[in-house]
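First up is the structure itself, then whatever we jot down about it.
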Number of protein chains: 2
Amino acid sequence: MERELTELKKRLATVSDLQRASAVLNWDQQTYMPPRGATARAEQLATLDKLAHELFTADGIGALLNDLQDDAAKLWYDSDEASLIRVTARDYEKAKRVPPALIEEISRTSSLALEVWTKARADSDFKAFQPYLEKILDLEIQLANCLGYEERIYDALLDQYEPEMTTAQVQAIFDDLKKELVPFVRAIAQRVDRVDGDCLHREYDEQKQWDFGIEVIRRLGFDFEGGRQDKSVHPFTTGFGLGDTRITTRVNRNYLPSMLFGTVHECGHALYDMGYRPELDRTPIEGGASSGAHESQSRLWENVVGRSRSFWKHWFPRLREVFPTSLADQDAESFYRAVNKVQPSLIRVEADEVTYSLHIMLRFEIENGLVERKLSVADVPAAWNAKMKEYLGIVPPNDALGCLQDIHWSNGYIGYFATYSLGSMFAVQLWDRAVRDVPTLPAQIEHGEFGDLLNWLRANVHTHGRKFTLDELSRRVTGEPLQPQSYIRYLKQKYGEIYGV
Amino acid sequence: MERELTELKKRLATVSDLQRASAVLNWDQQTYMPPRGATARAEQLATLDKLAHELFTADGIGALLNDLQDDAAKLWYDSDEASLIRVTARDYEKAKRVPPALIEEISRTSSLALEVWTKARADSDFKAFQPYLEKILDLEIQLANCLGYEERIYDALLDQYEPEMTTAQVQAIFDDLKKELVPFVRAIAQRVDRVDGDCLHREYDEQKQWDFGIEVIRRLGFDFEGGRQDKSVHPFTTGFGLGDTRITTRVNRNYLPSMLFGTVHECGHALYDMGYRPELDRTPIEGGASSGAHESQSRLWENVVGRSRSFWKHWFPRLREVFPTSLADQDAESFYRAVNKVQPSLIRVEADEVTYSLHIMLRFEIENGLVERKLSVADVPAAWNAKMKEYLGIVPPNDALGCLQDIHWSNGYIGYFATYSLGSMFAVQLWDRAVRDVPTLPAQIEHGEFGDLLNWLRANVHTHGRKFTLDELSRRVTGEPLQPQSYIRYLKQKYGEIYGV
């Protein structure tokens, strides 16, 4: 077994190197690449992604996995070795179904589409993006048909981001959430004046915002010797191995939360990527369990921690030092309320915690409509606006603030959005468990101490890398499956208190 | 032939994509990568470089080249097709001699060595770099032995940067140069007070320097839609295809020429990389003819143009607008003289044109000593300092200002340095020819117009990409072989006038 495992790891390390190289090229495309570099970059990415796919699906890897199956069955399920063989075999089986030419074409198209989307969003010109979205949709449907599915075509795409989760399961969770959230949002809407968020829209010098964000995430545990932050149109986290995790943010002079919570959100992803055990490096079980698990980390730090009263008891005085004029009339409590103002809004990444999942459901439904060919790409803006009206009672004045706002579709990420809500839910389950284990966590946060929380997350979540599915991870850490009840309880308690409902 | 050529180009495009991906990762390593990213990056680069080598040396490419040889012989030597087949066959024959494992090891080692060199240079600690330089030297000697050579081992390494040029040819040129330059430097040394360079060492705000540099190169023709400038420890130019050329510079608050001439130098490289015909893209004949040809472009813009009286007649008034205090006592003529002050100095990239080649000869001799095992790595600092004393009459106070100053060895570039002098020589040959063709060039430069010069270079040099050797290019453009006489005449005329010798 030893020999086969060594040989397998060697081959997987090469695949990992190519995937990381591809990630560097993607990062560069979104941060520094000059506009005319897009065509060549698309070819480079297509070549890298195709080669990585070819090397990963080579018969040699299949043979090694086959040889190792029996040995793996005798090992502890959670061990590095059993997990590596199990997860790699799962990935391999799926990858084998997809021809390299399709991988190449998806890579090329999404790289080109990213540039078109960036410009289309700036110009609020959906028509410019439409042919690219149509091509991406065609390719994603082809991909789903290659991957296969039992019930719904969306299952195949969702499974890429949330292994072994089905569309029906997500739908059931969303039904539960909707049942509770819609009346709750209505009740809050009656008392919308109880929170004043105006202070967030004042003048905030960009460089000072940037510096404050850096100060915060340094304290949260972001290691600047092994990572960095840059600017991009849409914030994201990526990584090229232990020791090199990159986050991006954007800074809006007249809306503080963009940078503030964007930076903390991406820092949450980064801390996850910085925390897997070095033994898992350059294998398919490095990184995070799933997209949902990843979002649990980003949304835990952004919301459960970053929008908590304790957090601002510590950070508000420092923030007011930086912006004495714009925050002159605020205190920690009023600022805490401001950053938790519930209000139907247009931009998902800036939505409050209560309405956030409604943005996700909208996308989930539109994506399902698209891949089932029940909704045409040309009709996306109208469908988007109709759903915004239905769920949130507002209609975007243009597509830049509507269906063009998110990078995901341009990047070929159809099937991803649901994981934001799954992550938000799991974040609360994790937090509840962490506080049971370390009851002083809220008090620590009030004193600007985040080390115990990070260490708890490292020991319980980060260390495992990508060994488990989200459900497996949930059962191991919290003792229960993924469920929306904790999240609903958390929202009702926090926002019930703020709004007195 | 059509079918084989299409298939060959398709395979070569994949190799080009991998090489460009490797270049992106190198660029990132030298500009933005956090320190702890170095280990993973070395593996990524090793994998990419090895794969590119394997794909390029695959038997399929050999067979295609073989099939195409006869057809190519019937074509015009200068045609795209004949050149592609000829140059690719030359590269292929050489690459075939080198095992992929050696390529991988050179890539990994030089990526790691780059980080060690960066720190060793900052700390002026040669001992820290020594084991890496020893390993690189071993690998380069192995490489030279694989590549083969007729006369001297250095030939094999030089040939990578300057195809078909031999050590003996370079030595003969250097002997000619030395014979003329050494007495000329001595004559100037008697009159060193005739030029006052003190104004260059005053206070120059970094951001204002940066902005001025950008303004200059934009006017020279650098296309910021298809390129960008960043900062790095050692300035360099790289590119990832037409539409994405990157340059870097460094800014010294108390020494203006670092940024000024560094930026113009790299811009010269970039204009070359931006100028080959699109038909050559993603093939081995994209880019520049050779390292010497490349340096002819950088040094033409940096020195023949950028340190000319005409250039400063136009730019000095603007520069004084930017730095009114530090340049209060200067005019275009005094500034022209200041940037042409001849003075033995420690740092090659900041050396004046007259002493510059002496820095190169020193490196050429040390490299020859190393690869012939006549000089041990441990003795490099002593040998460096002794030669500095002999050629320039000064001794570096530490190794950071001595043998640790250049990035090349850490990057595995042994055999490169001579091309700087070859390029300086060829720059003057090109300039002489350009002025014969377009006699108004100096007058245009005096009016801040650079379009005709750039167009002349595009039409005569850039357009050919990597079709020709430096000597072939020289004969086609100037009607004569590469020779040092024009350069010597240029130096004597320019500096004879400034110093009255």
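Chain lettering (A, B, ...) mirrors the order of the structure tokens, residue numbering begins at 1 for each chain separately, and ligand numbering begins at 1 in order of display.
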Neighbours of Pro278 in chain B within 10 Å (only C-alpha atoms; same-chain residues fewer than 6 positions away dropped), as a PDB file with C-alpha atoms, in the first residue's frame?
ATOM      1  CA  GLY B 241       1.368  37.211 -24.840  1.00  0.00           C
ATOM      2  CA  LEU B 242       0.437  40.118 -27.056  1.00  0.00           C
ATOM      3  CA  GLU B 286       7.229  35.213 -30.787  1.00  0.00           C
ATOM      4  CA  THR B 463       8.069  42.700 -36.393  1.00  0.00           C
ATOM      5  CA  GLY B 465       9.987  38.353 -33.443  1.00  0.00           C
TER       6      GLY B 465
END
### Selection: 9 Å around Ala38 in chain B, only C-alpha atoms, excl. self and same-chain fewer than 3 positions, as a PyMOL selection string
(chain A and resi 243-244) or (chain B and resi 29+33-35+41-43+111-112+114-115)
Closest atom pairs, residues of chain B within 10 Å of chain A, only C-alpha atoms, as JSON lines:
{"residue": "B:Ala13", "atom": "CA", "partner": "A:Glu43", "partner_atom": "CA", "distance": 8.9}
{"residue": "B:Thr14", "atom": "CA", "partner": "A:Thr47", "partner_atom": "CA", "distance": 6.3}
{"residue": "B:Val15", "atom": "CA", "partner": "A:Thr47", "partner_atom": "CA", "distance": 9.0}
{"residue": "B:Ser16", "atom": "CA", "partner": "A:Gln44", "partner_atom": "CA", "distance": 8.4}
{"residue": "B:Asp17", "atom": "CA", "partner": "A:Gln44", "partner_atom": "CA", "distance": 4.7}
{"residue": "B:Leu18", "atom": "CA", "partner": "A:Gln44", "partner_atom": "CA", "distance": 6.9}
{"residue": "B:Gln19", "atom": "CA", "partner": "A:Gln44", "partner_atom": "CA", "distance": 9.2}
{"residue": "B:Arg20", "atom": "CA", "partner": "A:Gln44", "partner_atom": "CA", "distance": 7.3}
{"residue": "B:Ala21", "atom": "CA", "partner": "A:Gln44", "partner_atom": "CA", "distance": 6.5}
{"residue": "B:Ser22", "atom": "CA", "partner": "A:Ala21", "partner_atom": "CA", "distance": 7.9}
{"residue": "B:Val24", "atom": "CA", "partner": "A:Leu25", "partner_atom": "CA", "distance": 6.9}
{"residue": "B:Leu25", "atom": "CA", "partner": "A:Val24", "partner_atom": "CA", "distance": 6.9}
{"residue": "B:Asp28", "atom": "CA", "partner": "A:Val24", "partner_atom": "CA", "distance": 8.2}
{"residue": "B:Tyr32", "atom": "CA", "partner": "A:Arg228", "partner_atom": "CA", "distance": 8.2}
{"residue": "B:Met33", "atom": "CA", "partner": "A:Asp244", "partner_atom": "CA", "distance": 7.3}
{"residue": "B:Pro34", "atom": "CA", "partner": "A:Gly226", "partner_atom": "CA", "distance": 5.4}
{"residue": "B:Pro35", "atom": "CA", "partner": "A:Glu225", "partner_atom": "CA", "distance": 5.6}
{"residue": "B:Arg36", "atom": "CA", "partner": "A:Gly243", "partner_atom": "CA", "distance": 4.6}
{"residue": "B:Gly37", "atom": "CA", "partner": "A:Asp244", "partner_atom": "CA", "distance": 4.6}
{"residue": "B:Ala38", "atom": "CA", "partner": "A:Gly243", "partner_atom": "CA", "distance": 7.8}
{"residue": "B:Thr39", "atom": "CA", "partner": "A:Gly243", "partner_atom": "CA", "distance": 8.1}
{"residue": "B:Ala40", "atom": "CA", "partner": "A:Gly241", "partner_atom": "CA", "distance": 6.0}
{"residue": "B:Arg41", "atom": "CA", "partner": "A:Phe240", "partner_atom": "CA", "distance": 7.7}
{"residue": "B:Ala42", "atom": "CA", "partner": "A:Asp17", "partner_atom": "CA", "distance": 9.7}
{"residue": "B:Glu43", "atom": "CA", "partner": "A:Asp17", "partner_atom": "CA", "distance": 6.9}
{"residue": "B:Gln44", "atom": "CA", "partner": "A:Asp17", "partner_atom": "CA", "distance": 4.7}
{"residue": "B:Leu45", "atom": "CA", "partner": "A:Asp17", "partner_atom": "CA", "distance": 8.1}
{"residue": "B:Ala46", "atom": "CA", "partner": "A:Asp17", "partner_atom": "CA", "distance": 9.0}
{"residue": "B:Thr47", "atom": "CA", "partner": "A:Thr14", "partner_atom": "CA", "distance": 6.3}
{"residue": "B:Leu48", "atom": "CA", "partner": "A:Leu18", "partner_atom": "CA", "distance": 7.2}
{"residue": "B:Leu51", "atom": "CA", "partner": "A:Leu51", "partner_atom": "CA", "distance": 9.5}
{"residue": "B:Asp223", "atom": "CA", "partner": "A:Pro34", "partner_atom": "CA", "distance": 9.6}
{"residue": "B:Phe224", "atom": "CA", "partner": "A:Pro34", "partner_atom": "CA", "distance": 7.1}
{"residue": "B:Glu225", "atom": "CA", "partner": "A:Pro34", "partner_atom": "CA", "distance": 5.5}
{"residue": "B:Gly226", "atom": "CA", "partner": "A:Arg36", "partner_atom": "CA", "distance": 4.9}
{"residue": "B:Gly227", "atom": "CA", "partner": "A:Pro34", "partner_atom": "CA", "distance": 5.6}
{"residue": "B:Arg228", "atom": "CA", "partner": "A:Pro34", "partner_atom": "CA", "distance": 6.7}
{"residue": "B:Gln229", "atom": "CA", "partner": "A:Tyr32", "partner_atom": "CA", "distance": 9.9}
{"residue": "B:Asp230", "atom": "CA", "partner": "A:Tyr32", "partner_atom": "CA", "distance": 9.6}
{"residue": "B:Gly239", "atom": "CA", "partner": "A:Gly37", "partner_atom": "CA", "distance": 9.7}
{"residue": "B:Phe240", "atom": "CA", "partner": "A:Ala40", "partner_atom": "CA", "distance": 7.2}
{"residue": "B:Gly241", "atom": "CA", "partner": "A:Ala40", "partner_atom": "CA", "distance": 6.0}
{"residue": "B:Leu242", "atom": "CA", "partner": "A:Gly37", "partner_atom": "CA", "distance": 7.3}
{"residue": "B:Gly243", "atom": "CA", "partner": "A:Arg36", "partner_atom": "CA", "distance": 4.6}
{"residue": "B:Asp244", "atom": "CA", "partner": "A:Gly37", "partner_atom": "CA", "distance": 4.6}
{"residue": "B:Thr245", "atom": "CA", "partner": "A:Gly37", "partner_atom": "CA", "distance": 8.3}
{"residue": "B:Arg246", "atom": "CA", "partner": "A:Pro34", "partner_atom": "CA", "distance": 9.2}
{"residue": "B:Asp281", "atom": "CA", "partner": "A:Ala40", "partner_atom": "CA", "distance": 9.4}
{"residue": "B:Arg282", "atom": "CA", "partner": "A:Ala40", "partner_atom": "CA", "distance": 8.8}
Could the residues in this selection be saved with N, CA and C atoms as a CSV table (one decimal), in the first residue's frame?
chain,number,residue,atom,x,y,z
B,13,ALA,N,1.5,25.9,-29.3
B,13,ALA,CA,0.6,26.9,-28.6
B,13,ALA,C,0.4,26.4,-27.2
B,14,THR,N,0.2,25.1,-27.0
B,14,THR,CA,0.1,24.6,-25.6
B,14,THR,C,1.4,24.8,-24.8
B,15,VAL,N,2.5,24.5,-25.4
B,15,VAL,CA,3.8,24.7,-24.8
B,15,VAL,C,3.9,26.2,-24.4
B,16,SER,N,3.6,27.1,-25.3
B,16,SER,CA,3.6,28.5,-25.1
B,16,SER,C,2.7,28.9,-23.9
B,17,ASP,N,1.5,28.3,-23.8
B,17,ASP,CA,0.6,28.6,-22.7
B,17,ASP,C,1.3,28.3,-21.4
B,18,LEU,N,1.9,27.1,-21.3
B,18,LEU,CA,2.6,26.7,-20.1
B,18,LEU,C,3.7,27.6,-19.7
B,19,GLN,N,4.5,28.0,-20.7
B,19,GLN,CA,5.6,28.9,-20.5
B,19,GLN,C,5.1,30.3,-20.0
B,20,ARG,N,4.0,30.7,-20.5
B,20,ARG,CA,3.4,32.0,-20.1
B,20,ARG,C,2.9,31.9,-18.7
B,21,ALA,N,2.2,30.7,-18.4
B,21,ALA,CA,1.7,30.5,-17.0
B,21,ALA,C,2.9,30.6,-16.1
B,22,SER,N,4.0,29.9,-16.4
B,22,SER,CA,5.2,30.0,-15.6
B,22,SER,C,5.7,31.4,-15.4
B,24,VAL,N,3.8,34.1,-15.5
B,24,VAL,CA,2.9,34.8,-14.6
B,24,VAL,C,3.3,34.5,-13.2
B,25,LEU,N,3.6,33.2,-12.9
B,25,LEU,CA,4.0,32.8,-11.5
B,25,LEU,C,5.3,33.5,-11.1
B,28,ASP,N,4.6,37.1,-10.4
B,28,ASP,CA,3.9,37.3,-9.1
B,28,ASP,C,4.9,37.1,-7.9
B,32,TYR,N,4.4,40.4,-5.8
B,32,TYR,CA,3.3,40.4,-4.8
B,32,TYR,C,3.3,39.2,-3.8
B,33,MET,N,4.0,38.1,-4.2
B,33,MET,CA,3.9,36.9,-3.4
B,33,MET,C,4.3,37.1,-2.0
B,34,PRO,N,3.5,36.7,-1.0
B,34,PRO,CA,4.0,36.8,0.4
B,34,PRO,C,5.2,35.8,0.7
B,35,PRO,N,6.0,36.2,1.6
B,35,PRO,CA,7.3,35.4,1.8
B,35,PRO,C,7.0,33.9,2.0
B,36,ARG,N,6.0,33.5,2.7
B,36,ARG,CA,5.8,32.1,3.0
B,36,ARG,C,5.3,31.3,1.8
B,37,GLY,N,5.0,32.0,0.7
B,37,GLY,CA,4.5,31.3,-0.5
B,37,GLY,C,5.6,30.6,-1.3
B,38,ALA,N,6.9,30.9,-1.0
B,38,ALA,CA,8.0,30.5,-1.8
B,38,ALA,C,8.1,29.0,-2.0
B,39,THR,N,7.9,28.2,-1.0
B,39,THR,CA,8.1,26.7,-1.1
B,39,THR,C,7.1,26.2,-2.1
B,40,ALA,N,5.8,26.5,-1.9
B,40,ALA,CA,4.8,26.0,-2.9
B,40,ALA,C,5.0,26.5,-4.3
B,41,ARG,N,5.4,27.8,-4.4
B,41,ARG,CA,5.7,28.4,-5.7
B,41,ARG,C,6.7,27.6,-6.4
B,42,ALA,N,7.8,27.2,-5.7
B,42,ALA,CA,8.9,26.5,-6.4
B,42,ALA,C,8.4,25.2,-7.0
B,43,GLU,N,7.5,24.5,-6.3
B,43,GLU,CA,6.9,23.3,-6.8
B,43,GLU,C,6.1,23.5,-8.0
B,44,GLN,N,5.3,24.6,-8.0
B,44,GLN,CA,4.4,24.9,-9.1
B,44,GLN,C,5.2,25.2,-10.4
B,45,LEU,N,6.3,26.0,-10.1
B,45,LEU,CA,7.1,26.4,-11.3
B,45,LEU,C,7.9,25.1,-11.8
B,46,ALA,N,8.3,24.3,-10.9
B,46,ALA,CA,9.0,23.1,-11.3
B,46,ALA,C,8.1,22.2,-12.2
B,47,THR,N,6.9,22.1,-11.7
B,47,THR,CA,5.9,21.3,-12.5
B,47,THR,C,5.6,21.9,-13.8
B,48,LEU,N,5.3,23.2,-13.9
B,48,LEU,CA,5.0,23.8,-15.2
B,48,LEU,C,6.2,23.7,-16.1
B,51,LEU,N,6.6,20.1,-17.4
B,51,LEU,CA,5.6,19.7,-18.3
B,51,LEU,C,5.8,20.4,-19.7
B,223,ASP,N,1.9,50.8,-24.0
B,223,ASP,CA,0.4,50.7,-24.1
B,223,ASP,C,-0.1,50.2,-22.7
B,224,PHE,N,-0.7,51.0,-21.9
B,224,PHE,CA,-1.2,50.6,-20.6
B,224,PHE,C,-2.5,49.8,-20.7
B,225,GLU,N,-3.1,49.7,-21.9
B,225,GLU,CA,-4.2,48.7,-22.0
B,225,GLU,C,-3.7,47.3,-22.2
B,226,GLY,N,-2.4,47.2,-22.6
B,226,GLY,CA,-1.8,45.9,-22.9
B,226,GLY,C,-0.6,45.7,-22.0
B,227,GLY,N,-0.5,46.4,-20.9
B,227,GLY,CA,0.7,46.2,-20.1
B,227,GLY,C,0.5,47.0,-18.8
B,228,ARG,N,1.4,46.8,-17.8
B,228,ARG,CA,1.4,47.6,-16.6
B,228,ARG,C,2.8,47.6,-16.0
B,229,GLN,N,3.0,48.5,-15.0
B,229,GLN,CA,4.3,48.5,-14.3
B,229,GLN,C,4.0,48.3,-12.8
B,230,ASP,N,4.8,47.5,-12.2
B,230,ASP,CA,4.8,47.3,-10.7
B,230,ASP,C,6.2,47.5,-10.1
B,239,GLY,N,6.3,39.0,-20.1
B,239,GLY,CA,5.1,39.1,-20.9
B,239,GLY,C,4.4,37.8,-21.0
B,240,PHE,N,3.0,37.9,-21.1
B,240,PHE,CA,2.2,36.7,-21.2
B,240,PHE,C,1.4,36.7,-22.5
B,241,GLY,N,2.1,37.2,-23.6
B,241,GLY,CA,1.4,37.2,-24.8
B,241,GLY,C,1.1,38.6,-25.3
B,242,LEU,N,0.8,38.8,-26.5
B,242,LEU,CA,0.4,40.1,-27.1
B,242,LEU,C,-0.7,40.6,-26.2
B,243,GLY,N,-0.7,41.8,-25.7
B,243,GLY,CA,-1.8,42.3,-24.9
B,243,GLY,C,-1.5,42.2,-23.5
B,244,ASP,N,-0.3,41.7,-23.0
B,244,ASP,CA,-0.1,41.6,-21.6
B,244,ASP,C,1.4,41.6,-21.4
B,245,THR,N,2.1,42.8,-21.4
B,245,THR,CA,3.5,42.9,-21.1
B,245,THR,C,3.7,43.6,-19.8
B,246,ARG,N,4.5,43.1,-18.9
B,246,ARG,CA,4.7,43.7,-17.6
B,246,ARG,C,6.1,44.1,-17.4
B,281,ASP,N,2.3,34.8,-32.7
B,281,ASP,CA,1.9,34.6,-31.3
B,281,ASP,C,1.7,33.1,-31.0
B,282,ARG,N,2.1,32.8,-29.8
B,282,ARG,CA,2.0,31.4,-29.3
B,282,ARG,C,2.8,30.4,-30.1
### Query
Of the candidates A:Val371, A:Ile360, A:Ile407, A:Ala418, which shows the shortest atom-to-atom distance to Ser291 in chain A, using only C-alpha atoms?
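When distances to Ser291 in chain A are compared using only C-alpha atoms, the smallest one comes from A:Ala418.
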### Task
Using only C-alpha atoms, pick whichever of A:Leu430, A:Leu158, A:Val216, A:Leu200 has the shortest atom-to-atom distance to Phe323 in chain A.
A:Leu200
### Message
I need the strand (DSSP E) residues of range 207-443 of chain A per DSSP on the backbone, written as an MDAnalysis selection string.
### Response
chainID A and resid 227:231 237:239 245:249
### Task
Might you pull out every residue within 12 Å of Ala332 in chain A, with only C-alpha atoms counted and same-chain residues fewer than 6 positions away left off, and present them as a list in words?
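Counting only the stated atoms, we get Arg307, Ser308, Arg309, Ser310, Phe311, Trp312, Lys313, His314, Trp315, Phe316, Pro317, Arg318, Leu319, Arg320, Ala338, Val339 and Glu446 of chain A.
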Tell me which protein, DNA and RNA residues are within 12 Å of Arg3 in chain B, counting only C-alpha atoms, leaving out same-chain ones fewer than 5 positions away, and put them as a JSON list (two decimals) with C-alpha atoms, in the first residue's frame.
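Wrote it out as around_7.json, contents follow:
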[["chain", "number", "residue", "atom", "x", "y", "z"],
["B", 8, "LEU", "CA", 2.73, 21.66, -35.05],
["B", 9, "LYS", "CA", 1.39, 25.12, -34.22],
["B", 10, "LYS", "CA", -1.37, 23.63, -32.08],
["B", 64, "LEU", "CA", 6.29, 16.85, -37.44],
["B", 67, "ASP", "CA", 8.17, 15.88, -42.04],
["B", 68, "LEU", "CA", 8.36, 19.64, -42.54]]
### Sel. of alpha helix (DSSP H) residues, range 161-408 of chain B, as a ChimeraX atom specification
/B:161,167-189,206-220,256-273,291-299,309-322,332-338,353-371,380-392
### Query
In Å, how far is it from CA of Cys146 in chain B to CA of Glu164 in chain B?
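So the answer is 16.6 Å.
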### Query
Of the candidates A:Ile498, A:Leu84, A:Ile103, A:Glu365, which one gets nearest to Glu333 in chain A if we count only C-alpha atoms?
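The closest residue to Glu333 in chain A is A:Ile498.
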## Note on the structure
Students should find that CA of Ala434 in chain A and CA of Leu457 in chain A are spaced 8.1 Å
### Task
For CA of Ser474 in chain B and CA of Tyr391 in chain B, quote the distance in Å rounded to one decimal.
29.7 Å
### Message
Could you check the closest approach to Gly402 in chain B for each of B:Val435, B:Val192, B:Val377, B:Ile347 and tell me which residue wins, using only C-alpha atoms?
### Response
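Checking each candidate against Gly402 in chain B, we get B:Ile347 as the closest.
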### Message
Which residues are close to His269 in chain B, i.e. within 7 Å by only C-alpha atoms, leaving aside same-chain residues fewer than 2 positions away? Reply as number ranges by chain.
### Response
B: 237, 265-267, 271-273, 294, 297-298
### Task
Excluding Gln207 in chain B and any residue of its chain fewer than 5 positions from it, enumerate the residues within 10 Å of it, using only C-alpha atoms, and give them as a PyMOL selection string.
chain B and resi 212-213+251+253
Please dump the current selection as a PDB file, in the first residue's frame; keep C-alpha atoms.
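Final output, saved to result27.pdb:
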ATOM      1  CA  PHE B 212       6.707  60.990 -13.966  1.00  0.00           C
ATOM      2  CA  GLY B 213       8.063  57.634 -15.126  1.00  0.00           C
ATOM      3  CA  VAL B 251      12.155  53.874  -6.661  1.00  0.00           C
ATOM      4  CA  ARG B 253      13.923  58.566  -2.757  1.00  0.00           C
TER       5      ARG B 253
END
### Query
Hey, what's within 10 Å of Ala189 in chain B if we count only C-alpha atoms and toss same-chain stuff fewer than 6 positions away? As a list in words, please?
Pro183, Val342, Gln343, Pro344 and Tyr499 of chain B
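Here the question is which of A:Ala459, A:Ile61, A:Ala113, A:Leu256 gets nearest to Pro131 in chain A using only C-alpha atoms, and that residue is A:Ala113.
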